[in-house]
Amino acid sequence: MAFNAGWIVELWRYRELFYFLAWRDVMVRYKQTMLGVVWAVLQPLLTMIVFLVLFGNIAKISTGETPPALFYYIGLVPWIYFSGTLGMCANSLVSNVNLITKVYFPRVIIPASVALSGIVDFSIAAVFIGGFMIYYGIPPTGHLFLLPALIVLLFAFTYGLGMFLAALTAQFRDVKYATPFFIQLGMFVSPIIYPPSFISEKYRFWLGLNPLTGIIDSFRAAIIPGQPVEWSLLFLSCVVTVIILVVGAMYFHKVERTLADVI
Amino acid sequence: MAYSVLVENVSKQFRLGKAEQFGMLREALVNGIKRLFLGETRNEDILWALNDISLEIKVGEVVGLIGRNGAGKSTLLKVLSKISYPSSGRVTVNGRVASLLEVGTGFHEELTGRENVYLNGSILGMKKKEVEAKFDAIVDFAGVERFIDTPIKRYSTGMRLRLGFAVAAHLDPEVLLVDEVLAVGDAGFQKKCLDTMEDLRSGGRTVVFVSHNMAAVENLCTRCVWIDGGRVREDGDPRAVIQSYMATFADVQQATSDLSANTQRHGSGEARFTRIELLSKERLSQPVTHSGDSLLVRLHYDAKTTLLHPDFVFRLHSEMGTLITETGTWHHGIDIPEVPQGKGYVDLEIDSLTLLPASYYISVSLNGVGAIVYDVVEHCVKLQIEGSSDIYRSSRVTSSRYGIVYFPQRWHLGQLRHSAPG
């Protein structure tokens, strides 16, 4: 079996490279973009404004008790992390060809470092949630302690799926074109514009199979008072995330062996 | 355990054709369905890049891997460095390994020299603390102090190479795997590389070194392994192995060498050398060549299209693969505006072959404008230089003991008497 102790030991040995690659991704991103750090905030902020106009004022989809701006923004921060990072994870093996064909290191580090580097943008955007809270005069909830666990869960899900897509993209060139399309579709089956309660009881389980449903809903519950944590939904997210992580890692490990020959 | 690298019955196969390359998911699905209905169809196109290779490399050995292009030496190095996995067999490496298949692996254009040193060091397996400790030495070795905080996209190729090699030189591995890194860079840089390898050798490190530079292999290595067709063809003393390797490139000197069937060539193929004739000054076939003889090399070609501004190049190598001289029409400032489609020949007339008796090899190439290469045939003709007793008009016999070349020369004894006291 692939996951033996030696594998873990080796991963531990290469942990510095993992940080360095994540650090490289962050440095390069901020050096190359003119807006730099501002971009991390501007992206969810602009999307939020569009949502406010489109879904708040025109389509009038209820966001419950929560002010729509806060509702959208909290949903958008994890979503933008997920969609942006997943796309980069999927391409990570192909775009690091020069490393893969020239040096040995556990390949799982590549998508992992991409997923880690995205956390920087995520954190910058997340800090702004505090600003919203002060603006609306909303006190923090007793569930704030959930946040770190939710971030880990979000990371794990993105990484698991990213690992799978990275291996698939390395093997099959045409996957690259399909990925952005499916990420785009993903937005509509994640509770960003609407709360899960908006969906009828009958379909909510199916929606819950998308781990982002539980994650995004719990993000809101952890921050906005009065919104209960849907533990069953969160549990379902955890289960699916673990399955995706394991399947992703197994497939990745299988592809990894032939990677340098195929890519 | 006295061994440092142990290779046991390692084989690696590549499936040729589309299957093993960057595939399309669409095709894979279609093929899968086809196979379901038409039965198993693909198992014929298998290439054994490595075929049952076993080697035991001892601690402190410096091993040169030689062989023709596609013989499997780079694949073997990749398997040793764990970049690529063998299809069967086992590789065991004892100690800290550094593989240097390229200088400056993972360098990022946007990052500064300093940042790249840390990144590259980490990619090559150094700990952050180690890079910190060796940082000044690395920068000093590379000679890029002034630019260390400049993004490397502003670096020249030479600076980049030096920085990359400086990091590699400070790796301090127990086992170093190197691929042809020495083929790049200027003479000063190559010397630095060779010196570093020499240091590693004297430091008792194990080095496995793939190269086409036979002189470097001969000078640096304590052992040479010749890989041919994915197998070990010969293994032993570098001088002996290199000699038998070089001997396979061309048979004994023939006045006419037919190149049309030669497969050891590369280039676009829009034009090909078809035949090389060695002629005397009188344009007669010259089966025997002596030191000091004149020689006319007639290069026959066949152009499949019109060639614009081609450059005909002739190279002469020693038996050990050292390039003795290269000369082309371009060197002589001859511009050939165009060569029409069809067959033809050019002559290179050498006034006097100032070579000492030995076997030499001729390589030819036909290049176009810019980076266009029509045809390159390496070591395709053997030139056997026989001894001549009158190169110095002294009846003294010269041989390869006295070197490779001799210069048209004379000794003057005019000052001897005046130096006497009185």
# chains A, B, ... in the order shown; residues from 1 in each chain; ligands from 1
>>> residues_around(residues="Thr274 of chain B", least_positions_apart="4", cutoff="6 Å", atoms="only C-alpha atoms", output="VMD selection string")
chain B and resid 259 to 260 300 to 301
>>> closest_atom_pairs(of="chain A", to="chain B", cutoff="6 Å", atoms="only C-alpha atoms", output="Markdown table")
| residue | atom | partner | partner_atom | distance |
| --- | --- | --- | --- | --- |
| A:Leu17 | CA | B:Ser122 | CA | 5.6 |
| A:Leu99 | CA | B:Gly106 | CA | 5.9 |
| A:Lys102 | CA | B:Leu101 | CA | 5.7 |
| A:Tyr104 | CA | B:Ile83 | CA | 4.9 |
| A:Gln171 | CA | B:Phe22 | CA | 5.9 |
| A:Phe172 | CA | B:Met24 | CA | 4.5 |
| A:Arg173 | CA | B:Met24 | CA | 5.2 |
| A:Asp174 | CA | B:Met24 | CA | 5.4 |
| A:Ala260 | CA | B:Ser84 | CA | 5.7 |
| A:Val262 | CA | B:Gln21 | CA | 5.1 |
>>> write_last_selection(atoms="C-alpha atoms", output="PDB file, in the first residue's frame")
ATOM      1  CA  LEU A  17      10.768  22.669   0.485  1.00  0.00           C
ATOM      2  CA  LEU A  99      11.310  20.763 -11.395  1.00  0.00           C
ATOM      3  CA  LYS A 102      15.148  17.517 -12.974  1.00  0.00           C
ATOM      4  CA  TYR A 104      13.445  14.344  -6.967  1.00  0.00           C
ATOM      5  CA  GLN A 171      -1.935  12.661 -17.657  1.00  0.00           C
ATOM      6  CA  PHE A 172      -4.504  14.078 -20.000  1.00  0.00           C
ATOM      7  CA  ARG A 173      -3.922  17.336 -21.691  1.00  0.00           C
ATOM      8  CA  ASP A 174      -7.555  18.134 -22.422  1.00  0.00           C
ATOM      9  CA  ALA A 260       8.599  12.408 -15.181  1.00  0.00           C
ATOM     10  CA  VAL A 262       4.745  11.331 -19.184  1.00  0.00           C
TER      11      VAL A 262
END
>>> atom_distance(atom1="atom CA of Gly186 of chain A", atom2="atom CA of Leu161 of chain A")
12.7 Å
>>> select_by_dssp(residues="segment 189-283 of chain B", states="strand (DSSP E or B)", output="PyMOL selection string")
chain B and resi 206-210+223-228+231-236+256-258+265-266+271-279
>>> write_last_selection(atoms="N, CA and C atoms", output="short mmCIF file (atom, residue, chain, number, x, y, z; two decimals), in the first residue's frame")
data_model
loop_
_atom_site.label_atom_id
_atom_site.label_comp_id
_atom_site.auth_asym_id
_atom_site.auth_seq_id
_atom_site.Cartn_x
_atom_site.Cartn_y
_atom_site.Cartn_z
N THR B 206 31.28 10.17 -3.89
CA THR B 206 30.96 9.34 -5.03
C THR B 206 30.30 10.23 -6.08
N VAL B 207 30.78 10.13 -7.30
CA VAL B 207 30.21 10.95 -8.36
C VAL B 207 29.83 10.07 -9.54
N VAL B 208 28.63 10.25 -10.05
CA VAL B 208 28.24 9.59 -11.30
C VAL B 208 27.97 10.71 -12.29
N PHE B 209 28.57 10.60 -13.45
CA PHE B 209 28.74 11.75 -14.31
C PHE B 209 28.44 11.32 -15.75
N VAL B 210 27.39 11.89 -16.34
CA VAL B 210 27.06 11.58 -17.73
C VAL B 210 27.67 12.66 -18.60
N ARG B 223 36.48 5.45 -13.24
CA ARG B 223 35.85 4.29 -13.86
C ARG B 223 34.89 4.81 -14.90
N CYS B 224 34.75 4.06 -15.97
CA CYS B 224 33.89 4.52 -17.05
C CYS B 224 32.95 3.38 -17.44
N VAL B 225 31.69 3.71 -17.57
CA VAL B 225 30.70 2.71 -17.97
C VAL B 225 30.10 3.15 -19.29
N TRP B 226 30.18 2.26 -20.25
CA TRP B 226 29.66 2.57 -21.58
C TRP B 226 28.29 1.91 -21.71
N ILE B 227 27.28 2.72 -21.89
CA ILE B 227 25.91 2.22 -22.02
C ILE B 227 25.56 2.21 -23.50
N ASP B 228 25.08 1.07 -23.95
CA ASP B 228 24.72 0.95 -25.35
C ASP B 228 23.43 0.16 -25.46
N ARG B 231 22.02 -1.29 -22.24
CA ARG B 231 22.79 -2.29 -21.49
C ARG B 231 24.19 -1.75 -21.21
N VAL B 232 24.87 -2.38 -20.27
CA VAL B 232 26.26 -2.02 -20.03
C VAL B 232 27.11 -2.75 -21.07
N ARG B 233 27.74 -1.99 -21.93
CA ARG B 233 28.53 -2.63 -22.98
C ARG B 233 29.96 -2.88 -22.50
N GLU B 234 30.49 -1.90 -21.77
CA GLU B 234 31.83 -2.08 -21.24
C GLU B 234 31.96 -1.28 -19.96
N ASP B 235 32.75 -1.76 -19.04
CA ASP B 235 32.85 -1.14 -17.72
C ASP B 235 34.28 -1.32 -17.25
N GLY B 236 34.94 -0.23 -16.93
CA GLY B 236 36.31 -0.39 -16.46
C GLY B 236 37.11 0.89 -16.53
N THR B 256 36.37 6.51 -49.34
CA THR B 256 35.02 7.00 -49.53
C THR B 256 34.13 6.44 -48.44
N SER B 257 33.41 7.31 -47.75
CA SER B 257 32.48 6.84 -46.74
C SER B 257 31.07 7.20 -47.17
N ASP B 258 30.25 6.18 -47.23
CA ASP B 258 28.86 6.39 -47.62
C ASP B 258 28.07 6.75 -46.37
N ARG B 265 22.75 10.52 -36.67
CA ARG B 265 22.81 11.90 -37.11
C ARG B 265 21.60 12.62 -36.59
N HIS B 266 21.66 13.94 -36.58
CA HIS B 266 20.47 14.71 -36.27
C HIS B 266 20.40 15.92 -37.18
N ALA B 271 18.48 18.74 -45.89
CA ALA B 271 19.64 18.41 -46.70
C ALA B 271 20.43 17.39 -45.91
N ARG B 272 21.08 16.48 -46.61
CA ARG B 272 21.84 15.42 -45.94
C ARG B 272 23.19 15.27 -46.61
N PHE B 273 24.19 14.96 -45.80
CA PHE B 273 25.45 14.55 -46.39
C PHE B 273 25.27 13.12 -46.87
N THR B 274 25.69 12.85 -48.10
CA THR B 274 25.49 11.51 -48.62
C THR B 274 26.80 10.72 -48.63
N ARG B 275 27.93 11.43 -48.77
CA ARG B 275 29.20 10.72 -48.95
C ARG B 275 30.34 11.66 -48.61
N ILE B 276 31.39 11.12 -48.07
CA ILE B 276 32.58 11.93 -47.83
C ILE B 276 33.76 11.22 -48.48
N GLU B 277 34.50 11.97 -49.29
CA GLU B 277 35.66 11.38 -49.96
C GLU B 277 36.93 12.04 -49.44
N LEU B 278 37.94 11.23 -49.24
CA LEU B 278 39.24 11.75 -48.87
C LEU B 278 40.13 11.64 -50.10
N LEU B 279 40.56 12.78 -50.61
CA LEU B 279 41.29 12.80 -51.88
C LEU B 279 42.66 13.44 -51.71
#
>>> atom_distance(atom1="atom CA of Ile138 of chain A", atom2="atom CA of Thr213 of chain A")
23.5 Å
>>> residues_around(residues="segment 220-231 of chain A", least_positions_apart="2", cutoff="7 Å", atoms="only C-alpha atoms", output="PyMOL selection string")
chain A and resi 74+140-141+143-144+146-147+216-218+233-235
>>> write_last_selection(atoms="C-alpha atoms", output="PDB file, in the first residue's frame")
ATOM      1  CA  ILE A  74     -18.369  35.690   3.998  1.00  0.00           C
ATOM      2  CA  PRO A 140     -18.659  38.055  17.560  1.00  0.00           C
ATOM      3  CA  THR A 141     -20.349  34.722  18.221  1.00  0.00           C
ATOM      4  CA  HIS A 143     -18.612  29.728  17.626  1.00  0.00           C
ATOM      5  CA  LEU A 144     -15.585  31.740  16.512  1.00  0.00           C
ATOM      6  CA  LEU A 146     -14.652  26.868  14.804  1.00  0.00           C
ATOM      7  CA  LEU A 147     -12.861  29.109  12.298  1.00  0.00           C
ATOM      8  CA  ILE A 216     -19.475  28.003   3.791  1.00  0.00           C
ATOM      9  CA  ASP A 217     -22.586  27.629   5.915  1.00  0.00           C
ATOM     10  CA  SER A 218     -20.475  26.997   8.995  1.00  0.00           C
ATOM     11  CA  LEU A 233     -24.125  19.361   7.252  1.00  0.00           C
ATOM     12  CA  LEU A 234     -20.633  20.025   8.627  1.00  0.00           C
ATOM     13  CA  PHE A 235     -20.187  16.351   9.453  1.00  0.00           C
TER      14      PHE A 235
END
